[in-house]
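Visitor: Just so it is clear, I am handing over protein07.txt, which has compact mmCIF, C-alpha atoms.
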```
# COMPACT_ATOMS: atom_id res chain seq x y z
CA MET P 49 -32.77 -34.19 21.39
CA GLY P 50 -30.73 -32.87 24.31
CA ARG P 51 -27.33 -31.27 23.91
CA GLU P 52 -25.75 -34.17 25.83
CA ASN P 53 -26.45 -36.44 22.80
CA VAL P 54 -24.88 -34.14 20.21
CA MET P 55 -21.38 -34.73 18.82
CA GLU P 56 -19.20 -31.64 19.18
CA VAL P 57 -16.06 -30.84 17.17
CA LYS P 58 -13.74 -28.08 18.40
CA PHE P 59 -10.44 -26.63 17.18
CA TYR P 60 -7.38 -25.38 19.07
CA ASP P 61 -3.95 -24.02 18.20
CA THR P 62 -2.15 -26.05 20.87
CA VAL P 63 -2.78 -28.60 23.63
CA ASN P 64 -0.44 -30.74 25.72
CA ASP P 65 1.24 -33.27 23.45
CA GLU P 66 0.24 -36.24 25.59
CA LEU P 67 -3.44 -35.51 24.85
CA LEU P 68 -2.99 -36.11 21.12
CA LYS P 69 -4.31 -39.59 20.32
CA PHE P 70 -5.01 -39.32 16.58
CA ALA P 71 -3.57 -37.86 13.39
CA VAL P 72 -5.78 -36.96 10.43
CA ILE P 73 -4.26 -35.90 7.11
CA ILE P 74 -6.27 -33.92 4.56
CA SER P 75 -4.54 -34.91 1.33
CA GLN P 76 -4.30 -33.80 -2.27
CA SER P 77 -2.24 -34.88 -5.27
CA ASN P 78 -1.92 -32.76 -8.41
CA GLY P 79 -4.82 -30.64 -7.22
CA LYS P 80 -7.17 -33.61 -6.65
CA TRP P 81 -8.49 -34.96 -3.38
CA VAL P 82 -7.03 -38.17 -1.95
CA PHE P 83 -9.33 -40.27 0.25
CA CYS P 84 -9.37 -43.92 1.25
CA LYS P 85 -12.00 -46.67 1.41
CA HIS P 86 -11.93 -49.36 4.10
CA LYS P 87 -12.41 -52.97 2.99
CA GLU P 88 -15.47 -53.38 5.22
CA ARG P 89 -17.15 -50.04 4.38
CA ASP P 90 -18.84 -48.43 1.40
CA THR P 91 -17.87 -44.95 2.51
CA TYR P 92 -14.84 -42.71 2.12
CA GLU P 93 -12.66 -41.12 4.74
CA VAL P 94 -9.75 -38.75 5.22
CA PRO P 95 -6.51 -40.70 5.87
CA GLY P 96 -5.64 -40.96 9.55
CA GLY P 97 -5.50 -43.15 12.62
CA HIS P 98 -4.36 -43.84 16.17
CA ARG P 99 -1.07 -42.73 17.64
CA GLU P 100 1.13 -45.61 18.81
CA ASP P 101 2.91 -45.61 22.17
CA GLY P 102 6.08 -43.52 22.12
CA GLU P 103 5.37 -42.19 18.64
CA ASP P 104 5.76 -38.54 17.71
CA ILE P 105 2.46 -37.22 16.33
CA LEU P 106 4.13 -36.16 13.05
CA GLU P 107 5.46 -39.70 12.62
CA THR P 108 1.93 -40.96 13.24
CA ALA P 109 0.69 -38.76 10.43
CA LYS P 110 3.40 -39.93 8.03
CA ARG P 111 2.86 -43.59 8.89
CA GLU P 112 -0.92 -43.42 8.52
CA LEU P 113 -0.62 -41.52 5.25
CA TYR P 114 1.63 -44.23 3.84
CA GLU P 115 -0.47 -47.13 5.17
CA GLU P 116 -3.81 -45.74 3.98
CA THR P 117 -2.86 -44.13 0.65
CA GLY P 118 0.51 -45.61 -0.25
CA ALA P 119 2.06 -42.12 -0.33
CA ILE P 120 5.84 -42.33 -0.76
CA THR P 121 6.96 -38.76 -1.34
CA PHE P 122 4.95 -35.84 -0.01
CA ASP P 123 5.06 -32.50 1.78
CA ILE P 124 3.16 -32.51 5.07
CA THR P 125 2.24 -29.50 7.20
CA PRO P 126 0.37 -29.25 10.54
CA ILE P 127 -2.88 -27.28 10.44
CA CYS P 128 -4.28 -27.29 13.99
CA ILE P 129 -5.57 -29.42 16.85
CA TYR P 130 -9.10 -30.80 16.74
CA SER P 131 -11.20 -32.50 19.40
CA VAL P 132 -14.32 -34.65 19.35
CA THR P 133 -16.79 -35.03 22.21
CA ALA P 134 -19.61 -37.55 21.79
CA PRO P 135 -21.65 -39.70 24.20
CA ASP P 136 -20.70 -42.92 22.39
CA ASN P 137 -17.03 -42.03 22.06
CA PHE P 138 -14.60 -42.62 24.98
CA ASP P 139 -17.40 -42.37 27.56
CA GLY P 140 -18.25 -38.85 26.42
CA MET P 141 -14.74 -37.51 27.12
CA GLU P 142 -13.17 -34.90 24.87
CA THR P 143 -10.52 -36.61 22.71
CA PHE P 144 -7.82 -34.78 20.78
CA GLY P 145 -6.03 -35.25 17.49
CA LYS P 146 -3.78 -33.26 15.19
CA LEU P 147 -4.92 -32.21 11.73
CA PHE P 148 -2.39 -32.10 8.89
CA PHE P 149 -2.32 -31.22 5.21
CA ALA P 150 -0.32 -33.32 2.73
CA ASP P 151 0.55 -32.69 -0.89
CA ILE P 152 1.39 -36.15 -2.26
CA HIS P 153 3.87 -36.44 -5.15
CA THR P 154 4.21 -40.23 -5.64
CA PHE P 155 2.37 -43.36 -4.51
CA GLU P 156 3.30 -46.99 -3.97
CA LYS P 157 1.40 -49.19 -6.41
CA GLU P 158 -0.10 -51.60 -3.84
CA LEU P 159 -1.64 -50.91 -0.41
CA HIS P 160 -0.68 -53.11 2.54
CA SER P 161 -3.36 -52.36 5.14
CA GLU P 162 -7.05 -52.69 5.91
CA ILE P 163 -7.71 -50.06 3.25
CA GLU P 164 -9.25 -51.48 0.08
CA LYS P 165 -8.28 -48.61 -2.17
CA ARG P 166 -7.25 -44.99 -2.33
CA ALA P 167 -9.64 -42.72 -4.17
CA ILE P 168 -8.39 -39.71 -6.13
CA MET P 169 -11.32 -37.35 -6.74
CA ASP P 170 -12.08 -34.00 -8.34
CA GLU P 171 -14.93 -33.36 -5.89
CA LEU P 172 -15.56 -34.17 -2.24
CA PRO P 173 -17.43 -37.44 -1.59
CA ILE P 174 -21.05 -37.49 -0.47
CA ASN P 175 -20.85 -40.74 1.48
CA TRP P 176 -18.48 -39.94 4.34
CA THR P 177 -17.46 -42.54 6.92
CA TYR P 178 -17.69 -39.89 9.63
CA PRO P 179 -20.13 -37.30 8.25
CA GLU P 180 -20.35 -35.37 11.53
CA ILE P 181 -16.58 -34.91 11.76
CA GLN P 182 -14.71 -34.98 8.46
CA PRO P 183 -16.54 -32.16 6.61
CA LYS P 184 -15.88 -29.93 9.63
CA LEU P 185 -12.17 -30.74 9.49
CA LEU P 186 -12.03 -29.71 5.85
CA GLU P 187 -13.94 -26.51 6.53
CA GLU P 188 -11.50 -25.57 9.30
CA ALA P 189 -8.57 -26.22 6.96
CA ARG P 190 -10.28 -23.95 4.44
CA LYS P 191 -10.71 -21.20 7.03
CA ARG P 192 -7.04 -21.43 7.95
CA GLY P 193 -5.94 -20.98 4.34
CA PHE P 194 -4.94 -24.55 3.46
CA LEU P 195 -7.75 -25.02 0.94
CA PRO P 196 -9.31 -22.59 -1.55
CA LYS P 197 -12.51 -20.85 -0.57
CA LYS P 198 -15.60 -22.09 -2.36
CA GLU P 199 -16.30 -20.47 -5.72
CA GLU P 200 -13.36 -18.12 -5.40
CA ILE P 201 -9.87 -17.89 -6.84
CA LYS P 202 -8.62 -21.22 -8.20
CA TRP P 203 -5.68 -20.24 -10.42
CA LEU P 204 -2.84 -17.76 -9.91
CA PHE P 205 -0.83 -16.79 -12.99
CA PHE P 206 2.62 -15.25 -12.59
CA ASP P 207 5.11 -13.58 -14.87
CA VAL P 208 8.69 -14.86 -14.70
CA GLY P 209 11.17 -12.00 -14.97
CA SER P 210 11.29 -9.55 -12.04
CA THR P 211 8.43 -11.52 -10.45
CA LEU P 212 9.64 -15.04 -9.67
CA VAL P 213 13.15 -14.74 -11.10
CA ASP P 214 15.74 -12.04 -10.39
CA GLU P 215 17.22 -11.19 -13.80
CA SER P 216 19.35 -8.23 -12.71
CA LYS P 217 22.66 -10.12 -13.09
CA VAL P 218 21.71 -11.19 -16.62
CA TYR P 219 21.01 -7.60 -17.56
CA GLU P 220 24.27 -6.51 -15.96
CA ASP P 221 26.19 -9.10 -17.98
CA ARG P 222 24.44 -8.01 -21.18
CA MET P 223 25.26 -4.34 -20.53
CA LYS P 224 28.94 -5.18 -19.95
CA ARG P 225 29.14 -7.05 -23.23
CA ILE P 226 27.42 -4.22 -25.11
CA ALA P 227 30.03 -1.92 -23.58
CA ASP P 228 32.85 -4.20 -24.80
CA LEU P 229 31.37 -4.33 -28.31
CA SER P 230 30.81 -0.57 -28.53
CA GLY P 231 33.99 0.64 -26.86
CA LEU P 232 32.07 2.54 -24.20
CA THR P 233 32.20 1.97 -20.43
CA TYR P 234 29.65 -0.11 -18.56
CA GLU P 235 28.59 3.00 -16.63
CA GLN P 236 27.86 4.86 -19.87
CA ILE P 237 25.87 1.96 -21.34
CA ASN P 238 23.91 1.46 -18.14
CA LYS P 239 22.99 5.15 -17.89
CA TYR P 240 21.97 5.17 -21.57
CA ALA P 241 19.81 2.06 -21.10
CA MET P 242 18.14 3.44 -17.99
CA SER P 243 16.87 6.41 -19.96
CA PHE P 244 15.00 3.99 -22.23
CA TYR P 245 13.72 1.83 -19.38
CA LYS P 246 12.19 4.94 -17.80
CA GLU P 247 10.29 5.49 -21.04
CA ASN P 248 8.88 1.95 -20.72
CA LYS P 249 11.14 0.71 -23.52
CA LYS P 250 13.52 -2.25 -23.49
CA GLY P 251 16.72 -0.42 -22.65
CA ASP P 252 19.18 -3.16 -23.58
CA LEU P 253 17.58 -3.68 -26.99
CA GLU P 254 17.36 0.06 -27.73
CA VAL P 255 20.98 0.73 -26.72
CA ALA P 256 22.29 -2.10 -28.90
CA ARG P 257 20.20 -0.86 -31.82
CA GLN P 258 21.31 2.76 -31.41
CA LEU P 259 24.98 1.76 -31.22
CA GLY P 260 24.71 -0.65 -34.13
CA VAL P 261 25.89 -3.72 -32.20
CA LYS P 262 24.31 -7.15 -32.00
CA LEU P 263 22.26 -7.71 -28.84
CA PRO P 264 24.27 -10.23 -26.75
CA LYS P 265 22.77 -13.63 -25.95
CA TRP P 266 20.61 -13.92 -22.84
CA GLU P 267 22.77 -15.84 -20.34
CA SER P 268 20.18 -17.66 -18.24
CA GLN P 269 22.85 -19.17 -15.97
CA TYR P 270 22.92 -15.81 -14.18
CA GLU P 271 19.23 -15.98 -13.31
CA ARG P 272 18.43 -16.41 -9.63
CA LEU P 273 15.23 -16.91 -7.73
CA TYR P 274 14.17 -14.13 -5.40
CA THR P 275 14.71 -15.13 -1.77
CA ASP P 276 11.06 -15.94 -1.06
CA THR P 277 10.03 -17.31 -4.46
CA LYS P 278 10.30 -21.02 -3.70
CA ASP P 279 8.66 -20.81 -0.28
CA CYS P 280 5.89 -18.60 -1.66
CA LEU P 281 5.11 -20.97 -4.56
CA LYS P 282 5.23 -23.99 -2.27
CA LYS P 283 2.64 -22.49 0.07
CA LEU P 284 0.41 -21.11 -2.69
CA SER P 285 0.45 -24.41 -4.60
CA ARG P 286 -1.24 -26.07 -1.65
CA ILE P 287 -4.21 -23.77 -2.10
CA TYR P 288 -4.28 -22.77 -5.76
CA LYS P 289 -3.28 -24.03 -9.18
CA ILE P 290 -0.22 -22.06 -10.28
CA GLY P 291 0.49 -20.99 -13.84
CA VAL P 292 2.99 -18.85 -15.70
CA ILE P 293 2.11 -16.46 -18.53
CA ALA P 294 5.29 -14.79 -19.72
CA ASN P 295 7.08 -13.28 -22.68
CA GLN P 296 9.89 -15.81 -22.60
CA SER P 297 12.15 -17.67 -25.02
CA LEU P 298 12.07 -21.38 -25.80
CA GLY P 299 13.00 -23.65 -22.91
CA THR P 300 11.19 -21.77 -20.15
CA SER P 301 10.03 -24.99 -18.50
CA GLU P 302 13.57 -26.39 -18.39
CA ARG P 303 14.93 -23.16 -16.94
CA LEU P 304 12.33 -23.18 -14.17
CA GLU P 305 13.13 -26.85 -13.56
CA ASN P 306 16.80 -25.95 -13.12
CA LEU P 307 15.81 -23.21 -10.68
CA GLY P 308 13.85 -25.75 -8.62
CA VAL P 309 10.32 -24.35 -8.96
CA ARG P 310 8.87 -26.24 -11.93
CA LYS P 311 7.25 -28.78 -9.59
CA TYR P 312 5.02 -26.07 -8.14
CA LEU P 313 3.70 -24.97 -11.55
CA ASP P 314 0.69 -26.59 -13.21
CA LEU P 315 0.86 -24.71 -16.50
CA ILE P 316 3.46 -22.69 -18.42
CA ILE P 317 2.47 -20.41 -21.29
CA ALA P 318 5.57 -18.88 -22.90
CA SER P 319 5.33 -16.43 -25.78
CA ALA P 320 8.03 -18.09 -27.91
CA GLU P 321 6.18 -21.39 -27.82
CA GLU P 322 2.73 -19.92 -28.44
CA GLY P 323 3.62 -17.43 -31.16
CA VAL P 324 1.87 -14.60 -29.33
CA SER P 325 3.12 -12.19 -26.66
CA LYS P 326 1.68 -10.07 -23.89
CA PRO P 327 -0.19 -7.75 -23.87
CA ASP P 328 -2.07 -9.53 -26.71
CA ARG P 329 -5.18 -10.95 -25.06
CA ARG P 330 -4.83 -14.19 -27.01
CA ILE P 331 -2.02 -15.39 -24.76
CA PHE P 332 -4.33 -15.01 -21.74
CA GLU P 333 -7.14 -16.80 -23.59
CA ILE P 334 -4.77 -19.69 -24.29
CA ALA P 335 -3.92 -19.93 -20.59
CA LEU P 336 -7.58 -19.95 -19.57
CA GLU P 337 -8.47 -22.55 -22.19
CA ARG P 338 -5.69 -24.94 -21.19
CA SER P 339 -6.27 -24.49 -17.47
CA GLY P 340 -10.04 -24.98 -17.87
CA CYS P 341 -10.48 -21.96 -15.61
CA LYS P 342 -13.09 -19.24 -15.87
CA PRO P 343 -11.75 -15.65 -15.84
CA GLU P 344 -13.54 -14.88 -12.58
CA ASN P 345 -11.67 -17.75 -10.86
CA ALA P 346 -8.21 -16.58 -11.90
CA VAL P 347 -5.81 -13.82 -10.88
CA ASN P 348 -3.01 -12.63 -13.13
CA VAL P 349 -0.29 -10.51 -11.55
CA SER P 350 -0.57 -7.95 -14.34
CA SER P 351 -4.28 -7.43 -13.66
CA VAL P 352 -3.49 -6.19 -10.15
CA LEU P 353 -0.40 -4.24 -11.16
CA LYS P 354 -2.42 -2.48 -13.85
CA SER P 355 -4.56 -0.87 -11.16
CA LEU P 356 -1.38 0.76 -9.90
CA ASP P 357 -0.04 1.62 -13.39
CA LEU P 358 2.57 -1.13 -13.19
CA GLU P 359 1.59 -3.24 -16.18
CA GLY P 360 4.51 -2.02 -18.29
CA PHE P 361 7.08 -2.54 -15.55
CA ALA P 362 7.27 -6.28 -16.24
CA GLU P 363 9.21 -5.51 -19.40
CA ARG P 364 11.56 -3.04 -17.74
CA HIS P 365 14.91 -3.48 -16.12
CA PRO P 366 14.30 -4.24 -12.42
CA MET P 367 16.97 -1.75 -11.36
CA SER P 368 15.06 1.07 -13.08
CA LEU P 369 12.18 0.96 -10.61
CA SER P 370 12.03 3.98 -8.33
CA GLY P 371 11.29 3.70 -4.62
CA GLY P 372 7.63 4.51 -5.25
CA GLN P 373 7.37 1.92 -7.99
CA LYS P 374 8.93 -0.74 -5.78
CA GLN P 375 6.40 0.17 -3.13
CA ARG P 376 3.59 -0.35 -5.63
CA VAL P 377 4.98 -3.76 -6.56
CA ALA P 378 4.98 -4.68 -2.86
CA ILE P 379 1.37 -3.48 -2.53
CA ALA P 380 0.28 -5.54 -5.52
CA SER P 381 2.05 -8.61 -4.14
CA ALA P 382 0.21 -8.22 -0.83
CA ILE P 383 -3.12 -7.90 -2.61
CA LEU P 384 -2.51 -11.20 -4.37
CA ALA P 385 -1.55 -12.99 -1.20
CA ASP P 386 -4.88 -13.14 0.65
CA LYS P 387 -8.17 -11.53 -0.22
CA SER P 388 -9.86 -12.05 3.16
CA LEU P 389 -7.61 -9.94 5.42
CA LEU P 390 -4.97 -7.49 4.21
CA VAL P 391 -2.70 -5.47 6.49
CA PHE P 392 -0.68 -2.59 4.98
CA ASP P 393 2.07 -0.81 6.88
CA GLU P 394 2.46 2.74 5.51
CA PRO P 395 1.66 1.79 1.88
CA THR P 396 1.82 5.43 0.69
CA ILE P 397 5.57 5.78 1.30
CA GLY P 398 7.23 6.72 -1.99
CA LEU P 399 3.94 7.20 -3.84
CA HIS P 400 2.97 10.29 -5.80
CA PRO P 401 -0.27 11.91 -4.50
CA GLN P 402 -2.04 10.80 -7.69
CA ASP P 403 -0.99 7.22 -6.95
CA VAL P 404 -2.40 7.52 -3.43
CA ALA P 405 -5.81 8.22 -4.98
CA THR P 406 -5.42 5.11 -7.15
CA LEU P 407 -4.43 3.10 -4.07
CA LEU P 408 -7.61 4.22 -2.30
CA ASP P 409 -9.64 3.00 -5.29
CA VAL P 410 -7.91 -0.38 -5.06
CA PHE P 411 -8.67 -0.56 -1.33
CA GLN P 412 -12.34 0.19 -2.04
CA THR P 413 -12.48 -2.54 -4.69
CA LEU P 414 -11.02 -5.04 -2.22
CA ILE P 415 -13.53 -4.04 0.46
CA GLU P 416 -16.43 -4.40 -1.96
CA SER P 417 -15.19 -7.90 -2.83
CA GLY P 418 -15.45 -8.89 0.84
CA ALA P 419 -11.93 -8.23 2.12
CA THR P 420 -11.04 -6.55 5.40
CA VAL P 421 -8.33 -3.91 4.88
CA ILE P 422 -6.27 -2.68 7.85
CA VAL P 423 -3.90 0.21 7.15
CA ILE P 424 -1.20 1.64 9.44
CA GLU P 425 -0.72 5.12 8.03
CA HIS P 426 0.07 8.80 8.60
CA ASP P 427 -1.26 10.05 5.26
CA LEU P 428 -4.31 12.26 5.89
CA ASP P 429 -6.08 11.30 2.66
CA VAL P 430 -5.95 7.65 3.64
CA ILE P 431 -7.17 8.46 7.15
CA ARG P 432 -10.08 10.54 5.78
CA ASN P 433 -11.23 7.56 3.72
CA ALA P 434 -11.19 5.06 6.58
CA ASP P 435 -14.42 3.54 7.90
CA TYR P 436 -13.00 3.25 11.40
CA ILE P 437 -9.92 4.88 12.93
CA ILE P 438 -7.75 4.04 15.93
CA ASP P 439 -5.67 7.14 16.65
CA MET P 440 -2.44 6.34 18.49
CA GLY P 441 -0.46 9.06 20.23
CA PRO P 442 -0.62 11.76 21.27
CA TYR P 443 3.03 12.11 20.15
CA GLY P 444 5.76 9.87 18.81
CA GLY P 445 8.25 7.61 20.59
CA ILE P 446 8.02 7.43 24.38
CA ALA P 447 5.53 10.32 24.34
CA GLY P 448 2.99 8.21 22.48
CA GLY P 449 1.88 4.61 22.15
CA ARG P 450 -1.59 4.87 23.69
CA ILE P 451 -5.03 5.01 22.11
CA VAL P 452 -6.10 8.65 22.00
CA ALA P 453 -9.37 8.33 20.11
CA THR P 454 -11.40 5.81 18.12
CA GLY P 455 -14.32 5.95 15.73
CA THR P 456 -15.26 7.55 12.43
CA VAL P 457 -13.53 10.54 10.83
CA ASP P 458 -16.04 12.85 12.52
CA ASP P 459 -15.36 11.21 15.89
CA ILE P 460 -11.64 11.87 15.51
CA LYS P 461 -12.26 15.47 14.38
CA ASN P 462 -14.40 16.09 17.47
CA SER P 463 -11.96 14.50 19.92
CA LYS P 464 -10.28 17.05 22.19
CA GLU P 465 -7.29 14.77 22.78
CA SER P 466 -6.59 13.91 19.14
CA ILE P 467 -3.93 15.98 17.43
CA THR P 468 -4.68 14.11 14.20
CA GLY P 469 -8.27 15.34 14.37
CA LYS P 470 -7.15 18.98 14.13
CA PHE P 471 -5.46 18.31 10.78
CA LEU P 472 -8.50 16.44 9.42
CA ASN P 473 -10.64 19.56 9.63
```
Render the structure in this file as structure tokens.

Guide:
Amino acid sequence: MGRENVMEVKFYDTVNDELLKFAVIISQSNGKWVFCKHKERDTYEVPGGHREDGEDILETAKRELYEETGAITFDITPICIYSVTAPDNFDGMETFGKLFFADIHTFEKELHSEIEKRAIMDELPINWTYPEIQPKLLEEARKRGFLPKKEEIKWLFFDVGSTLVDESKVYEDRMKRIADLSGLTYEQINKYAMSFYKENKKGDLEVARQLGVKLPKWESQYERLYTDTKDCLKKLSRIYKIGVIANQSLGTSERLENLGVRKYLDLIIASAEEGVSKPDRRIFEIALERSGCKPENAVNVSSVLKSLDLEGFAERHPMSLSGGQKQRVAIASAILADKSLLVFDEPTIGLHPQDVATLLDVFQTLIESGATVIVIEHDLDVIRNADYIIDMGPYGGIAGGRIVATGTVDDIKNSKESITGKFLN
């Protein structure tokens, strides 16, 4: 068969708007696929259709999603442009459409279109309406991070305090009330508590106990989300199931509802409701059992932080973290974000030399799991462990900014122009 008879599907970031004739919407609801079945077909298809005259392409997507699935409330995000070229399609001309992803929250009960039914599935269908096109659209969405990679991470489990929720104001309020009860100043109580936090102890509890005063009530009204929490969970929930495993009091779900993030969470495991607390492994076993997830398909924040000696920090006052510890939290957060390509900008800042060695071990583990790790760094130990180096220089500021040498560590050492190479010897 000649190439002229083969259907070709291509993908672009942008094209002229007037070229866009179709909108296709890859859809999910509560982690399940949403497809539709035409009344005159026995196959399934991704929702989508033709753009009407004068219609914005996003409005096309919203209209088609409603008409073909009955979706009423949903979040919809553009993915990319796709094109199809086929001899029996528009006289062999390349035609363009826009690909979207939708997370559907609620549906209308009845459909009012040529669609016979919407199909909500755990797995992808075998009998596609357009088998040469639709699987390729889903694979492109997967490549661009809108769908989970096959047989990889399916669940992300987060802690609550100092991870999703900023509790610093609650701690501050508690310290002030301990000060009032004890007759000491807030500054004295805070300094006293910090000494316990640095020993990996609960400073507020220890101070109250030492001073013989009752530990004040936790005032959850002072809790605030971190700036990026909601946006982060919204994006991650399109790709993964999201759970919480936390040492928290009763009412955790309601508190997260009040903070506006409960809708992004598929499972909440709180210690007060389970009768077991971290680090007891039983609380993690409960989470895996209820999620139906295998350990190899899940990531828990603590499991990454542990590699950087941060496991105990979850129970510590957030203000007690040193600059180096905050840097390690940032590193761990980046590791969780995307395991295919990770870019670190001077990750050794604030780290003890021993922690740099641990960081290198973490990098190696990521590489062995298939990730590409790019590091922008001045630390010589990190440079010595790189597989490939791009040496920028020769000096800083306006006296630098050009590529001086590239290659392995030995290549940089042997370069006459590289100042870095002299220090690697």

Visitor: Identify which of the residues P:Val421, P:Pro183, P:Val261, P:Val430 lies closest to Leu408 (chain P), counting all atoms listed in the file when measuring atom-to-atom distances.

Guide: P:Val430

Visitor: Which of these, P:Tyr436, P:Trp81, P:Phe70, P:Tyr443, has the shortest distance to Asp170 (chain P) once you count all atoms listed in the file?

Guide: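 For Asp170 (chain P), the nearest of the candidates is P:Trp81.
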
Visitor: Quick one: distance from CA of Met223 (chain P) to CA of Ser268 (chain P) in Å, one decimal?

Guide: 14.4 Å

Visitor: Hey, which of P:Val255, P:Ile237, P:Val208, P:Ala227 ends up closest to Ala318 (chain P)? Count all atoms listed in the file.

Guide: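 Using all atoms listed in the file, Ala318 (chain P) sits closest to P:Val208.
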
Visitor: Give me the residues within 10 Å of Thr133 (chain P) as an MDAnalysis selection string, counting only C-alpha atoms and dropping any in the same chain fewer than 4 places off.

Guide: chainID P and resid 52:58 137:144

Visitor: Tell me which of P:Tyr274, P:Phe148, P:Phe59, P:Phe83 sits closest to Ile168 (chain P), counting only C-alpha atoms.

Guide: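 Checking each of P:Tyr274, P:Phe148, P:Phe59, P:Phe83 against Ile168 (chain P), counting only C-alpha atoms, the winner is P:Phe83.
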
Visitor: With N, CA and C atoms as the goal, would you fill in the gaps in region 83-95 of chain P and present it as a PDB file, in the frame of the given file?

Guide:
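Output contents, as saved in out_7.pdb:
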```
ATOM      1  N   PHE P  83      -8.615 -39.654  -0.875  1.00  0.00           N
ATOM      2  CA  PHE P  83      -9.330 -40.270   0.250  1.00  0.00           C
ATOM      3  C   PHE P  83      -9.065 -41.773   0.218  1.00  0.00           C
ATOM      4  N   CYS P  84      -9.545 -42.470   1.218  1.00  0.00           N
ATOM      5  CA  CYS P  84      -9.370 -43.920   1.250  1.00  0.00           C
ATOM      6  C   CYS P  84     -10.678 -44.605   1.607  1.00  0.00           C
ATOM      7  N   LYS P  85     -10.799 -45.863   1.172  1.00  0.00           N
ATOM      8  CA  LYS P  85     -12.000 -46.670   1.410  1.00  0.00           C
ATOM      9  C   LYS P  85     -11.606 -47.953   2.125  1.00  0.00           C
ATOM     10  N   HIS P  86     -12.180 -48.162   3.300  1.00  0.00           N
ATOM     11  CA  HIS P  86     -11.930 -49.360   4.100  1.00  0.00           C
ATOM     12  C   HIS P  86     -12.552 -50.581   3.438  1.00  0.00           C
ATOM     13  N   LYS P  87     -11.917 -51.741   3.616  1.00  0.00           N
ATOM     14  CA  LYS P  87     -12.410 -52.970   2.990  1.00  0.00           C
ATOM     15  C   LYS P  87     -13.808 -53.354   3.446  1.00  0.00           C
ATOM     16  N   GLU P  88     -14.179 -52.972   4.668  1.00  0.00           N
ATOM     17  CA  GLU P  88     -15.470 -53.380   5.220  1.00  0.00           C
ATOM     18  C   GLU P  88     -16.512 -52.262   5.177  1.00  0.00           C
ATOM     19  N   ARG P  89     -16.210 -51.159   4.435  1.00  0.00           N
ATOM     20  CA  ARG P  89     -17.150 -50.040   4.380  1.00  0.00           C
ATOM     21  C   ARG P  89     -17.384 -49.616   2.944  1.00  0.00           C
ATOM     22  N   ASP P  90     -18.516 -48.974   2.726  1.00  0.00           N
ATOM     23  CA  ASP P  90     -18.840 -48.430   1.400  1.00  0.00           C
ATOM     24  C   ASP P  90     -18.716 -46.908   1.397  1.00  0.00           C
ATOM     25  N   THR P  91     -18.016 -46.393   2.365  1.00  0.00           N
ATOM     26  CA  THR P  91     -17.870 -44.950   2.510  1.00  0.00           C
ATOM     27  C   THR P  91     -16.410 -44.540   2.373  1.00  0.00           C
ATOM     28  N   TYR P  92     -16.199 -43.229   2.290  1.00  0.00           N
ATOM     29  CA  TYR P  92     -14.840 -42.710   2.120  1.00  0.00           C
ATOM     30  C   TYR P  92     -14.440 -41.868   3.329  1.00  0.00           C
ATOM     31  N   GLU P  93     -13.140 -41.851   3.580  1.00  0.00           N
ATOM     32  CA  GLU P  93     -12.660 -41.120   4.740  1.00  0.00           C
ATOM     33  C   GLU P  93     -11.322 -40.433   4.465  1.00  0.00           C
ATOM     34  N   VAL P  94     -11.038 -39.424   5.270  1.00  0.00           N
ATOM     35  CA  VAL P  94      -9.750 -38.750   5.220  1.00  0.00           C
ATOM     36  C   VAL P  94      -8.721 -39.673   5.849  1.00  0.00           C
ATOM     37  N   PRO P  95      -7.531 -39.831   5.258  1.00  0.00           N
ATOM     38  CA  PRO P  95      -6.510 -40.700   5.870  1.00  0.00           C
ATOM     39  C   PRO P  95      -6.208 -40.275   7.300  1.00  0.00           C
TER      40      PRO P  95
END
```
